[in-house]
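Undergrad: Pasting run.cif below, which is mmCIF, C-alpha atoms and all ligand atoms.
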```
data_start
#
loop_
_atom_site.label_atom_id
_atom_site.label_comp_id
_atom_site.auth_asym_id
_atom_site.auth_seq_id
_atom_site.Cartn_x
_atom_site.Cartn_y
_atom_site.Cartn_z
CA MET J 16 -43.51 55.42 12.86
CA SER J 17 -41.96 52.22 11.56
CA TRP J 18 -41.63 48.77 13.14
CA PHE J 19 -37.96 49.05 12.36
CA ASP J 20 -37.27 52.25 14.32
CA CYS J 21 -35.90 50.13 17.15
CA VAL J 22 -33.30 48.38 14.97
CA GLU J 23 -29.76 49.54 15.66
CA LEU J 24 -27.13 49.74 12.99
CA GLY J 25 -24.85 46.70 13.23
CA PRO J 26 -21.08 46.88 12.82
CA PRO J 27 -19.71 46.38 9.30
CA ILE J 28 -17.98 43.11 8.37
CA GLU J 29 -14.36 44.12 8.00
CA VAL J 30 -13.37 41.94 5.08
CA PHE J 31 -16.37 42.87 2.92
CA GLN J 32 -16.02 46.56 3.78
CA LEU J 33 -12.39 46.40 2.74
CA THR J 34 -13.30 44.89 -0.64
CA ARG J 35 -15.83 47.66 -1.20
CA GLN J 36 -13.25 50.34 -0.40
CA PHE J 37 -10.79 48.62 -2.72
CA THR J 38 -13.29 48.57 -5.59
CA GLU J 39 -14.04 52.26 -5.16
CA ASP J 40 -10.34 53.21 -5.01
CA ASP J 41 -9.00 54.47 -8.35
CA PHE J 42 -5.31 54.44 -7.39
CA PRO J 43 -3.58 52.51 -10.21
CA GLN J 44 -1.26 50.45 -8.02
CA LYS J 45 -3.87 49.44 -5.42
CA VAL J 46 -3.58 45.88 -4.12
CA ASN J 47 -6.25 43.78 -2.42
CA LEU J 48 -4.75 41.47 0.22
CA GLY J 49 -8.00 41.30 2.20
CA VAL J 50 -10.29 38.59 0.96
CA GLY J 51 -9.19 34.96 0.94
CA ALA J 52 -9.86 34.07 -2.66
CA TYR J 53 -7.35 32.65 -5.12
CA ARG J 54 -6.01 34.88 -7.88
CA THR J 55 -3.82 34.06 -10.86
CA ASP J 56 -0.42 35.61 -11.57
CA GLU J 57 -2.43 38.26 -13.45
CA GLY J 58 -4.51 38.96 -10.33
CA LYS J 59 -7.65 37.41 -11.85
CA PRO J 60 -10.16 35.00 -10.23
CA TRP J 61 -9.67 31.43 -11.46
CA VAL J 62 -12.32 28.90 -12.40
CA LEU J 63 -10.47 25.59 -12.07
CA PRO J 64 -10.14 23.84 -15.46
CA VAL J 65 -11.45 20.63 -13.88
CA VAL J 66 -14.56 22.51 -12.76
CA ARG J 67 -15.15 23.74 -16.33
CA THR J 68 -14.81 20.14 -17.56
CA ALA J 69 -17.27 18.87 -14.96
CA GLU J 70 -19.76 21.67 -15.70
CA LYS J 71 -19.73 20.84 -19.41
CA ALA J 72 -20.38 17.16 -18.66
CA LEU J 73 -23.23 18.07 -16.31
CA ALA J 74 -24.76 20.49 -18.82
CA ASN J 75 -24.85 17.71 -21.40
CA ASP J 76 -26.29 15.11 -19.05
CA GLU J 77 -29.97 14.92 -20.01
CA THR J 78 -30.75 12.64 -17.09
CA LEU J 79 -30.20 15.47 -14.59
CA ASN J 80 -33.12 17.62 -13.57
CA LYS J 81 -34.00 20.36 -11.10
CA GLU J 82 -35.94 18.28 -8.60
CA TYR J 83 -35.17 18.78 -4.89
CA LEU J 84 -32.21 16.99 -3.40
CA PRO J 85 -32.82 15.01 -0.20
CA VAL J 86 -32.57 17.08 3.01
CA LEU J 87 -29.10 15.67 3.73
CA GLY J 88 -27.99 16.37 0.17
CA LEU J 89 -26.41 14.41 -2.62
CA GLU J 90 -25.17 11.13 -1.22
CA THR J 91 -22.50 10.59 -3.91
CA PHE J 92 -21.09 13.97 -2.88
CA SER J 93 -21.20 13.62 0.88
CA ALA J 94 -19.82 10.07 0.89
CA ALA J 95 -16.94 11.06 -1.40
CA SER J 96 -16.25 14.13 0.76
CA SER J 97 -16.03 12.15 3.98
CA ARG J 98 -13.78 9.61 2.20
CA MET J 99 -11.50 12.39 1.02
CA LEU J 100 -11.24 13.68 4.57
CA LEU J 101 -10.91 10.43 6.50
CA GLY J 102 -9.03 8.44 3.86
CA ALA J 103 -10.12 5.59 1.61
CA ASP J 104 -8.96 3.06 4.22
CA SER J 105 -10.77 4.67 7.15
CA ALA J 106 -12.05 2.13 9.67
CA ALA J 107 -14.80 4.56 10.75
CA ILE J 108 -16.15 4.58 7.18
CA ALA J 109 -15.79 0.81 6.76
CA GLU J 110 -17.73 0.32 10.00
CA ASN J 111 -20.42 2.82 8.90
CA ARG J 112 -19.73 4.98 11.96
CA ALA J 113 -18.85 7.96 9.78
CA PHE J 114 -21.09 9.81 7.39
CA GLY J 115 -21.39 13.13 5.61
CA VAL J 116 -24.15 15.70 5.30
CA GLN J 117 -24.14 18.19 2.44
CA THR J 118 -24.22 21.76 3.73
CA LEU J 119 -24.08 25.37 2.55
CA SER J 120 -20.30 25.47 2.29
CA GLY J 121 -18.05 25.39 5.34
CA THR J 122 -20.07 28.01 7.20
CA GLY J 123 -23.23 25.94 6.78
CA ALA J 124 -21.46 22.83 8.10
CA LEU J 125 -20.32 24.75 11.18
CA ARG J 126 -23.79 26.14 11.72
CA VAL J 127 -25.65 22.84 11.28
CA GLY J 128 -23.13 21.00 13.46
CA ALA J 129 -23.21 23.67 16.16
CA GLU J 130 -27.00 23.77 16.25
CA PHE J 131 -27.10 19.98 16.60
CA LEU J 132 -24.59 20.09 19.47
CA ALA J 133 -26.45 22.89 21.27
CA ARG J 134 -29.84 21.29 20.84
CA HIS J 135 -29.17 17.59 21.30
CA LEU J 136 -26.02 17.44 23.42
CA ASP J 137 -26.91 20.52 25.48
CA LYS J 138 -23.57 22.11 24.67
CA THR J 139 -23.27 25.73 25.79
CA VAL J 140 -19.56 26.60 25.85
CA PHE J 141 -17.27 26.65 22.83
CA TYR J 142 -13.63 27.51 22.43
CA PHE J 143 -11.91 29.03 19.44
CA SER J 144 -8.31 29.96 18.82
CA LYS J 145 -7.09 33.47 19.52
CA PRO J 146 -7.10 34.66 16.80
CA THR J 147 -9.45 32.76 14.53
CA TRP J 148 -11.60 33.22 11.42
CA GLU J 149 -13.81 36.10 12.53
CA ASN J 150 -17.07 34.24 11.87
CA HIS J 151 -16.69 31.34 14.34
CA ARG J 152 -18.11 33.35 17.21
CA LEU J 153 -21.20 34.56 15.36
CA VAL J 154 -21.99 31.17 13.81
CA PHE J 155 -21.83 29.31 17.12
CA LEU J 156 -23.71 31.95 19.11
CA ASN J 157 -26.44 32.12 16.46
CA ALA J 158 -26.65 28.32 16.59
CA GLY J 159 -27.59 28.43 20.28
CA PHE J 160 -24.28 28.33 22.15
CA LYS J 161 -24.21 30.60 25.17
CA GLU J 162 -20.57 31.26 25.87
CA ALA J 163 -17.64 31.94 23.54
CA ARG J 164 -14.17 31.42 24.98
CA GLU J 165 -10.73 31.72 23.47
CA TYR J 166 -7.69 29.53 23.74
CA ARG J 167 -4.28 31.09 23.14
CA TYR J 168 -2.81 30.29 19.75
CA TRP J 169 -0.51 32.96 18.37
CA HIS J 170 2.57 34.07 20.21
CA PRO J 171 3.29 37.60 18.91
CA GLU J 172 6.90 37.76 20.13
CA SER J 173 8.01 34.54 18.49
CA ARG J 174 5.48 34.90 15.67
CA ALA J 175 4.65 31.22 16.11
CA LEU J 176 2.19 28.89 17.82
CA ASP J 177 1.80 29.39 21.58
CA ILE J 178 1.50 25.69 22.35
CA GLU J 179 1.96 26.06 26.11
CA GLY J 180 -0.76 28.73 26.28
CA LEU J 181 -3.05 26.62 24.11
CA LEU J 182 -2.65 23.51 26.27
CA GLU J 183 -3.08 25.47 29.49
CA ASP J 184 -6.29 27.12 28.28
CA LEU J 185 -7.76 23.80 27.17
CA ARG J 186 -6.73 22.19 30.47
CA ASN J 187 -8.76 24.90 32.22
CA ALA J 188 -11.81 24.34 30.02
CA PRO J 189 -14.99 22.97 31.61
CA GLU J 190 -15.47 19.29 30.91
CA GLY J 191 -17.48 18.64 27.74
CA ALA J 192 -16.86 22.03 26.10
CA VAL J 193 -16.68 22.14 22.31
CA VAL J 194 -13.34 23.14 20.86
CA ILE J 195 -13.00 24.39 17.30
CA LEU J 196 -9.74 23.19 15.75
CA HIS J 197 -8.49 24.31 12.35
CA ALA J 198 -7.69 21.11 10.45
CA CYS J 199 -4.85 22.75 8.51
CA ALA J 200 -3.69 26.12 7.16
CA HIS J 201 -4.88 28.03 10.20
CA ASN J 202 -6.78 31.21 9.32
CA PRO J 203 -5.49 33.88 9.97
CA THR J 204 -2.01 32.93 11.22
CA GLY J 205 -0.91 30.37 8.60
CA CYS J 206 0.64 28.47 11.47
CA ASP J 207 -0.30 24.82 12.23
CA PRO J 208 0.65 22.55 15.15
CA SER J 209 3.31 19.92 14.45
CA HIS J 210 2.38 16.21 14.71
CA GLU J 211 3.82 16.09 18.23
CA GLN J 212 1.83 19.16 19.22
CA TRP J 213 -1.36 17.65 17.81
CA ALA J 214 -0.71 14.61 20.01
CA GLN J 215 -0.44 16.90 23.04
CA ILE J 216 -3.69 18.64 22.05
CA ALA J 217 -5.41 15.27 21.66
CA ASP J 218 -4.26 14.25 25.16
CA VAL J 219 -5.90 17.31 26.71
CA VAL J 220 -9.05 16.91 24.63
CA LYS J 221 -9.30 13.36 25.94
CA GLN J 222 -8.46 14.22 29.52
CA LYS J 223 -11.04 17.05 29.69
CA ARG J 224 -13.57 15.17 27.53
CA LEU J 225 -13.78 18.11 25.13
CA PHE J 226 -15.68 17.73 21.87
CA PRO J 227 -13.38 18.35 18.88
CA PHE J 228 -15.09 20.23 16.06
CA PHE J 229 -12.64 20.46 13.18
CA ASP J 230 -12.90 23.19 10.60
CA SER J 231 -11.36 22.10 7.30
CA ALA J 232 -11.66 24.99 4.88
CA TYR J 233 -8.29 24.50 3.17
CA GLN J 234 -7.65 20.80 2.55
CA GLY J 235 -4.96 20.71 -0.15
CA PHE J 236 -3.98 24.32 0.36
CA ALA J 237 -1.52 23.86 3.19
CA SER J 238 0.88 21.36 1.66
CA GLY J 239 -0.62 20.90 -1.79
CA ASP J 240 -1.38 17.30 -0.74
CA LEU J 241 -4.92 16.29 0.28
CA ASP J 242 -3.80 13.43 2.51
CA LYS J 243 -1.12 15.36 4.37
CA ASP J 244 -3.57 18.17 5.04
CA ALA J 245 -6.05 15.72 6.58
CA TRP J 246 -3.44 14.32 8.96
CA ALA J 247 -4.75 15.92 12.16
CA VAL J 248 -8.36 14.88 11.55
CA ARG J 249 -7.33 11.30 10.71
CA PHE J 250 -5.09 11.18 13.76
CA PHE J 251 -7.98 12.10 16.06
CA VAL J 252 -10.32 9.59 14.41
CA GLU J 253 -7.72 6.82 14.61
CA ARG J 254 -7.25 7.60 18.30
CA GLY J 255 -10.94 6.88 18.77
CA PHE J 256 -12.36 10.40 19.16
CA GLU J 257 -15.85 11.23 18.04
CA ILE J 258 -15.63 14.36 15.92
CA PHE J 259 -17.45 16.78 13.68
CA CYS J 260 -15.61 18.25 10.75
CA ALA J 261 -16.85 21.11 8.59
CA GLN J 262 -15.48 20.83 5.06
CA SER J 263 -15.52 23.63 2.52
CA TYR J 264 -15.00 23.45 -1.24
CA ALA J 265 -14.83 27.23 -1.58
CA LYS J 266 -11.05 27.37 -1.76
CA ASN J 267 -9.80 24.01 -2.96
CA PHE J 268 -12.39 23.80 -5.77
CA GLY J 269 -12.77 27.54 -6.19
CA LEU J 270 -16.53 27.12 -5.65
CA TYR J 271 -16.87 30.16 -3.41
CA ASN J 272 -20.35 31.24 -4.46
CA GLU J 273 -21.75 27.76 -5.07
CA ARG J 274 -21.88 27.19 -1.29
CA THR J 275 -20.66 23.62 -1.41
CA GLY J 276 -19.68 21.96 1.84
CA ASN J 277 -20.00 18.87 3.95
CA LEU J 278 -20.33 18.07 7.63
CA THR J 279 -18.50 14.84 8.40
CA VAL J 280 -19.72 13.12 11.55
CA VAL J 281 -17.76 10.33 13.23
CA SER J 282 -19.44 8.39 16.02
CA SER J 283 -17.81 5.67 18.08
CA ASN J 284 -21.00 3.62 18.00
CA LEU J 285 -22.85 2.56 14.87
CA ALA J 286 -26.03 2.30 16.93
CA ASN J 287 -26.16 6.12 17.28
CA VAL J 288 -25.87 6.93 13.60
CA ALA J 289 -29.54 6.61 12.62
CA ALA J 290 -30.73 8.90 15.42
CA ALA J 291 -28.03 11.48 14.70
CA LYS J 292 -28.93 11.48 11.00
CA SER J 293 -32.62 11.85 11.76
CA GLN J 294 -32.01 14.87 14.01
CA LEU J 295 -29.62 16.47 11.53
CA THR J 296 -32.37 16.03 8.96
CA LEU J 297 -34.78 17.97 11.17
CA THR J 298 -32.18 20.65 11.90
CA ILE J 299 -31.66 21.27 8.19
CA ARG J 300 -35.34 20.90 7.32
CA GLY J 301 -36.14 23.71 9.75
CA MET J 302 -33.27 25.88 8.54
CA TYR J 303 -33.32 25.79 4.72
CA SER J 304 -35.12 22.54 3.90
CA ASN J 305 -32.57 21.13 1.45
CA PRO J 306 -29.35 22.19 -0.27
CA PRO J 307 -28.61 23.34 -3.83
CA SER J 308 -27.21 20.81 -6.28
CA HIS J 309 -24.85 22.48 -8.73
CA GLY J 310 -21.64 22.66 -6.69
CA ALA J 311 -22.21 19.26 -5.10
CA ARG J 312 -22.66 17.66 -8.51
CA ILE J 313 -19.41 19.20 -9.72
CA VAL J 314 -17.47 17.93 -6.72
CA ALA J 315 -19.09 14.47 -6.85
CA HIS J 316 -18.33 14.24 -10.57
CA VAL J 317 -14.65 14.97 -9.95
CA LEU J 318 -14.10 13.01 -6.74
CA ASN J 319 -15.75 9.90 -8.18
CA ASN J 320 -13.75 9.90 -11.43
CA LYS J 321 -10.13 8.81 -11.22
CA GLU J 322 -8.90 10.85 -14.14
CA LEU J 323 -10.67 14.06 -13.11
CA PHE J 324 -9.57 13.56 -9.53
CA GLU J 325 -5.94 13.54 -10.72
CA GLN J 326 -6.61 16.70 -12.73
CA TRP J 327 -8.04 18.36 -9.67
CA ARG J 328 -4.95 17.46 -7.65
CA GLY J 329 -2.93 19.16 -10.38
CA ASN J 330 -5.11 22.28 -10.13
CA ILE J 331 -4.58 22.36 -6.35
CA LYS J 332 -0.85 22.07 -6.91
CA THR J 333 -0.97 25.04 -9.28
CA MET J 334 -2.68 27.16 -6.61
CA SER J 335 -0.58 26.07 -3.65
CA SER J 336 2.69 26.40 -5.61
CA ARG J 337 1.86 29.92 -6.69
CA ILE J 338 1.18 30.90 -3.09
CA ILE J 339 4.46 29.35 -1.91
CA GLU J 340 6.29 31.23 -4.67
CA MET J 341 4.71 34.53 -3.59
CA ARG J 342 5.74 33.90 0.02
CA LYS J 343 9.29 33.42 -1.16
CA ARG J 344 9.29 36.55 -3.28
CA LEU J 345 7.78 38.74 -0.58
CA ARG J 346 10.32 37.57 1.98
CA GLU J 347 13.20 38.04 -0.48
CA ALA J 348 12.03 41.53 -1.37
CA LEU J 349 11.73 42.57 2.30
CA GLU J 350 15.13 41.14 3.13
CA ALA J 351 16.69 42.82 0.10
CA LEU J 352 15.27 46.16 1.28
CA GLY J 353 16.61 45.54 4.78
CA THR J 354 13.14 46.03 6.27
CA PRO J 355 13.41 45.94 10.09
CA GLY J 356 12.50 42.64 11.77
CA SER J 357 12.83 39.05 10.68
CA TRP J 358 10.75 37.74 7.79
CA ASN J 359 11.20 34.00 7.96
CA HIS J 360 7.63 33.67 9.28
CA ILE J 361 6.36 34.65 5.83
CA THR J 362 7.80 31.46 4.33
CA ASP J 363 7.34 29.33 7.49
CA GLN J 364 3.60 29.97 7.49
CA ILE J 365 1.37 27.94 5.18
CA GLY J 366 -1.94 28.20 3.40
CA MET J 367 -3.67 31.26 2.03
CA PHE J 368 -2.89 33.71 4.79
CA SER J 369 0.03 35.26 6.50
CA TYR J 370 0.08 37.06 9.79
CA THR J 371 2.64 39.71 8.95
CA GLY J 372 3.21 40.98 12.46
CA LEU J 373 2.14 44.50 11.43
CA ASN J 374 0.03 46.08 14.16
CA GLU J 375 -3.30 47.84 13.70
CA ALA J 376 -1.86 51.32 13.11
CA GLN J 377 0.67 49.95 10.62
CA SER J 378 -1.99 47.94 8.80
CA LEU J 379 -4.22 51.02 8.54
CA HIS J 380 -1.25 52.99 7.23
CA MET J 381 -0.77 50.34 4.52
CA VAL J 382 -4.38 50.87 3.42
CA GLN J 383 -4.55 54.65 3.70
CA LYS J 384 -1.12 55.64 2.47
CA HIS J 385 -0.23 52.82 0.09
CA HIS J 386 -3.63 51.51 -1.06
CA VAL J 387 -2.57 48.01 0.01
CA TYR J 388 -5.77 46.61 1.50
CA MET J 389 -5.23 44.29 4.47
CA LEU J 390 -7.02 43.46 7.71
CA LYS J 391 -6.39 45.47 10.87
CA SER J 392 -4.93 42.37 12.47
CA GLY J 393 -2.03 42.44 10.02
CA ARG J 394 -3.35 39.46 8.07
CA ILE J 395 -2.68 39.38 4.36
CA SER J 396 -4.00 36.96 1.77
CA MET J 397 -1.03 35.65 -0.19
CA CYS J 398 -3.34 35.13 -3.18
CA GLY J 399 -3.54 38.87 -3.77
CA LEU J 400 0.21 39.03 -4.43
CA THR J 401 1.43 38.73 -8.02
CA PRO J 402 4.86 38.96 -9.67
CA THR J 403 3.84 42.48 -10.73
CA ASN J 404 2.75 43.86 -7.34
CA VAL J 405 4.96 42.01 -4.83
CA GLY J 406 7.73 44.61 -5.14
CA TYR J 407 5.29 47.45 -4.49
CA VAL J 408 3.82 45.65 -1.46
CA ALA J 409 7.31 45.03 -0.03
CA GLN J 410 8.21 48.71 -0.58
CA SER J 411 5.01 49.73 1.19
CA ILE J 412 5.72 47.48 4.18
CA HIS J 413 9.26 48.84 4.26
CA GLU J 414 8.10 52.44 4.26
CA THR J 415 5.53 51.68 6.95
CA LEU J 416 8.12 50.14 9.28
CA THR J 417 10.94 52.64 8.79
N1 LIG A 501 -13.57 28.29 8.23
C1 LIG A 501 -12.49 29.02 7.95
C2 LIG A 501 -11.33 28.92 8.86
C3 LIG A 501 -12.46 29.84 6.83
O1 LIG A 501 -11.37 30.55 6.57
C4 LIG A 501 -13.59 29.88 5.97
C5 LIG A 501 -13.59 30.74 4.76
N2 LIG A 501 -13.06 31.98 4.83
C6 LIG A 501 -14.69 29.08 6.31
C7 LIG A 501 -14.65 28.31 7.43
C8 LIG A 501 -15.96 29.00 5.54
O2 LIG A 501 -16.02 29.41 4.28
P1 LIG A 501 -17.20 29.01 3.32
O3 LIG A 501 -18.47 29.09 4.08
O4 LIG A 501 -17.10 29.98 2.22
O5 LIG A 501 -16.92 27.60 2.89
#
```
What is this structure when it is put down as structure tokens?
Ligand code: PMP
TA:
Amino acid sequence: MSWFDCVELGPPIEVFQLTRQFTEDDFPQKVNLGVGAYRTDEGKPWVLPVVRTAEKALANDETLNKEYLPVLGLETFSAASSRMLLGADSAAIAENRAFGVQTLSGTGALRVGAEFLARHLDKTVFYFSKPTWENHRLVFLNAGFKEAREYRYWHPESRALDIEGLLEDLRNAPEGAVVILHACAHNPTGCDPSHEQWAQIADVVKQKRLFPFFDSAYQGFASGDLDKDAWAVRFFVERGFEIFCAQSYAKNFGLYNERTGNLTVVSSNLANVAAAKSQLTLTIRGMYSNPPSHGARIVAHVLNNKELFEQWRGNIKTMSSRIIEMRKRLREALEALGTPGSWNHITDQIGMFSYTGLNEAQSLHMVQKHHVYMLKSGRISMCGLTPTNVGYVAQSIHETLT
């Protein structure tokens, strides 16, 4: 008899299970298009050169020690993060209505923000895009939300954004619901609203008094330009919305396992900032007490140094350009093979991921027959493609669809 006899086996997490299967597979031409992590042209993980530079400087800095950080984290990091998101000329920052809180990567920012909203604003209903990053539901429900609802996003026939469906679903939302919006480089579809469509979304958010919770896991990855990728968030803030935004440095700094993130909070009233900060402090204190320092120090070191900041922008360009190049090559290869269907969506989509349009059976066939590991939804990570394997992947898609 064990206390744990009553515990049921939970479902596996698809993306991690896929990586495990990939690792165990000894097929020489296997390709991993599952996990969203950058790879070089040689298919290797990449520590950004600017990160190496910052780490060396930090290692040599005798003034640094291993004391606890404050509960809300390293201020030089969180302030620089919010500035990077909202822009150096942000009125919200100048008026001290915006601030950042260091969190355990993007997931931690979502979790801390969601728990605050559930506990202090009595929020119960949240909306996420259909489809979305598979963790949004779990993070918000674990944070105390009661009801997960979807808004339409992907239109399978046109392989593009279903803006009418999206607007209709948000129009039918209960007043005050929280809506998760991907700031840029939508995961998994790689398909973002245009500026005009964002304006339409903002109108509905205002009309229904929804609370916009942005998720910015890919700033710099969509266009290669940090400012362009922050357009939607800045647009909402300039229109006077109060927002939360979860920022992750997993992808754009390659700091996946350092768990480095920030929750940017924008309030319309300076008078509410102290109370909000005090409650966020208690939320974090009761969750993990205070955050780790290494990743935050790296990011702060780079963001607060003009020269290193420029280097970092160059590193982002390297990553985003390689992804764009792989999109081009995959599309060209499929078109050259005469693979059925149109393939312009591969190059129209942006960011790390592409929604190929392959259905579940076809995606499984790709894994089982061709050893090309991809999610059941048909999502592929463009980072897993290299000049060496793109031809093989195209051949495999071709065989699967013919
Ligand atoms: N949001 C989205 C949309 C993501 O794709 C990810 C990473 N896959 C995250 C948040 C959070 O990632 P992390 O916690 O590693 O920063």
Undergrad: Looking at only C-alpha atoms and all ligand atoms, which of J:Asn47, J:Asn150, J:Gln117, J:Gln36 is the one that sits closest to ligand LIG 501 (chain A)?
TA: J:Asn150
Undergrad: Kindly assemble as a tab-separated table a list of the range 126-234 of chain J residues that lie within 12 Å of range 317-338 of chain J, each paired with its nearest atom pair and their distance in Å to one decimal, using all atoms listed in the file, sorted first by chain and then by ascending residue number.
TA:
```
residue	atom	partner	partner_atom	distance
J:Ala200	CA	J:Ser335	CA	11.2
J:Gly205	CA	J:Ile338	CA	11.9
J:Tyr233	CA	J:Ser335	CA	10.4
J:Gln234	CA	J:Ile331	CA	9.5
```
Undergrad: With the cut-off set at 7 Å and counting all atoms listed in the file, tabulate each residue of chain J with an atom at most that distance from an atom of ligand LIG 501 (chain A), showing the nearest atom pair and its distance in Å to one decimal, ordered by chain and increasing number, as a tab-separated table.
TA:
```
residue	atom	partner	partner_atom	distance
J:Gly51	CA	A:LIG501	N2	6.2
J:Leu119	CA	A:LIG501	O3	6.9
J:Ser120	CA	A:LIG501	O5	4.0
J:Gly121	CA	A:LIG501	O5	3.5
J:Thr122	CA	A:LIG501	O3	3.7
J:Gly123	CA	A:LIG501	O3	6.3
J:Trp148	CA	A:LIG501	C2	5.0
J:His197	CA	A:LIG501	C2	6.4
J:His201	CA	A:LIG501	C2	6.6
J:Asn202	CA	A:LIG501	C2	5.1
J:Asp230	CA	A:LIG501	N1	5.7
J:Ser231	CA	A:LIG501	N1	6.6
J:Ala232	CA	A:LIG501	N1	5.1
J:Ser263	CA	A:LIG501	O5	4.2
J:Tyr264	CA	A:LIG501	O5	6.2
J:Ala265	CA	A:LIG501	O5	4.9
J:Tyr271	CA	A:LIG501	O4	5.6
J:Arg274	CA	A:LIG501	O5	6.5
J:Thr275	CA	A:LIG501	O5	7.0
J:Gly276	CA	A:LIG501	O5	6.4
```
Undergrad: Would you write out, as a Markdown table, a table of all residues in range 148-254 of chain J that have an atom no more than 6 Å from an atom of range 361-369 of chain J, listing for each the closest atom pair and the distance in Å to one decimal, considering only C-alpha atoms and ordering rows by chain and rising residue number?
TA:
```
| residue | atom | partner | partner_atom | distance |
| --- | --- | --- | --- | --- |
| J:Ala200 | CA | J:Gly366 | CA | 4.6 |
| J:Pro203 | CA | J:Phe368 | CA | 5.8 |
| J:Thr204 | CA | J:Ser369 | CA | 5.6 |
| J:Gly205 | CA | J:Gln364 | CA | 4.7 |
| J:Cys206 | CA | J:Gln364 | CA | 5.2 |
| J:Phe236 | CA | J:Gly366 | CA | 5.3 |
| J:Ala237 | CA | J:Gly366 | CA | 4.4 |
```
Undergrad: Please write the residues from the selection above to a file, keeping C-alpha atoms, as a short mmCIF file (atom, residue, chain, number, x, y, z; two decimals), in the coordinates of the input.
TA:
```cif
data_model
loop_
_atom_site.label_atom_id
_atom_site.label_comp_id
_atom_site.auth_asym_id
_atom_site.auth_seq_id
_atom_site.Cartn_x
_atom_site.Cartn_y
_atom_site.Cartn_z
CA ALA J 200 -3.69 26.12 7.16
CA PRO J 203 -5.49 33.88 9.97
CA THR J 204 -2.01 32.93 11.22
CA GLY J 205 -0.91 30.37 8.60
CA CYS J 206 0.64 28.47 11.47
CA PHE J 236 -3.98 24.32 0.36
CA ALA J 237 -1.52 23.86 3.19
#
```
Undergrad: May I ask for the distance between CA of Ala163 in chain J and CA of Lys221 in chain J, given in Å to one decimal place?
TA: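 CA of Ala163 in chain J sits 20.5 Å away from CA of Lys221 in chain J.
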Undergrad: Within 10 Å of range 278-286 of chain J, counting only C-alpha atoms, which residues qualify if same-chain residues fewer than 4 places away don't, as a PDB file with C-alpha atoms, in the frame of the given file?
TA:
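selection05.pdb, freshly written:
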```
ATOM      1  CA  LEU J  87     -29.100  15.670   3.730  1.00  0.00           C
ATOM      2  CA  SER J  93     -21.200  13.620   0.880  1.00  0.00           C
ATOM      3  CA  ALA J  94     -19.820  10.070   0.890  1.00  0.00           C
ATOM      4  CA  SER J  96     -16.250  14.130   0.760  1.00  0.00           C
ATOM      5  CA  SER J  97     -16.030  12.150   3.980  1.00  0.00           C
ATOM      6  CA  ARG J  98     -13.780   9.610   2.200  1.00  0.00           C
ATOM      7  CA  LEU J 100     -11.240  13.680   4.570  1.00  0.00           C
ATOM      8  CA  LEU J 101     -10.910  10.430   6.500  1.00  0.00           C
ATOM      9  CA  ALA J 107     -14.800   4.560  10.750  1.00  0.00           C
ATOM     10  CA  ILE J 108     -16.150   4.580   7.180  1.00  0.00           C
ATOM     11  CA  GLU J 110     -17.730   0.320  10.000  1.00  0.00           C
ATOM     12  CA  ASN J 111     -20.420   2.820   8.900  1.00  0.00           C
ATOM     13  CA  ARG J 112     -19.730   4.980  11.960  1.00  0.00           C
ATOM     14  CA  ALA J 113     -18.850   7.960   9.780  1.00  0.00           C
ATOM     15  CA  PHE J 114     -21.090   9.810   7.390  1.00  0.00           C
ATOM     16  CA  GLY J 115     -21.390  13.130   5.610  1.00  0.00           C
ATOM     17  CA  VAL J 116     -24.150  15.700   5.300  1.00  0.00           C
ATOM     18  CA  GLN J 117     -24.140  18.190   2.440  1.00  0.00           C
ATOM     19  CA  THR J 118     -24.220  21.760   3.730  1.00  0.00           C
ATOM     20  CA  LEU J 119     -24.080  25.370   2.550  1.00  0.00           C
ATOM     21  CA  SER J 120     -20.300  25.470   2.290  1.00  0.00           C
ATOM     22  CA  GLY J 121     -18.050  25.390   5.340  1.00  0.00           C
ATOM     23  CA  THR J 122     -20.070  28.010   7.200  1.00  0.00           C
ATOM     24  CA  GLY J 123     -23.230  25.940   6.780  1.00  0.00           C
ATOM     25  CA  ALA J 124     -21.460  22.830   8.100  1.00  0.00           C
ATOM     26  CA  LEU J 125     -20.320  24.750  11.180  1.00  0.00           C
ATOM     27  CA  ARG J 126     -23.790  26.140  11.720  1.00  0.00           C
ATOM     28  CA  VAL J 127     -25.650  22.840  11.280  1.00  0.00           C
ATOM     29  CA  GLY J 128     -23.130  21.000  13.460  1.00  0.00           C
ATOM     30  CA  PHE J 228     -15.090  20.230  16.060  1.00  0.00           C
ATOM     31  CA  PHE J 229     -12.640  20.460  13.180  1.00  0.00           C
ATOM     32  CA  ASP J 230     -12.900  23.190  10.600  1.00  0.00           C
ATOM     33  CA  SER J 231     -11.360  22.100   7.300  1.00  0.00           C
ATOM     34  CA  VAL J 252     -10.320   9.590  14.410  1.00  0.00           C
ATOM     35  CA  GLY J 255     -10.940   6.880  18.770  1.00  0.00           C
ATOM     36  CA  PHE J 256     -12.360  10.400  19.160  1.00  0.00           C
ATOM     37  CA  GLU J 257     -15.850  11.230  18.040  1.00  0.00           C
ATOM     38  CA  ILE J 258     -15.630  14.360  15.920  1.00  0.00           C
ATOM     39  CA  PHE J 259     -17.450  16.780  13.680  1.00  0.00           C
ATOM     40  CA  CYS J 260     -15.610  18.250  10.750  1.00  0.00           C
ATOM     41  CA  ALA J 261     -16.850  21.110   8.590  1.00  0.00           C
ATOM     42  CA  GLN J 262     -15.480  20.830   5.060  1.00  0.00           C
ATOM     43  CA  SER J 263     -15.520  23.630   2.520  1.00  0.00           C
ATOM     44  CA  ALA J 290     -30.730   8.900  15.420  1.00  0.00           C
ATOM     45  CA  ALA J 291     -28.030  11.480  14.700  1.00  0.00           C
ATOM     46  CA  LYS J 292     -28.930  11.480  11.000  1.00  0.00           C
TER      47      LYS J 292
END
```
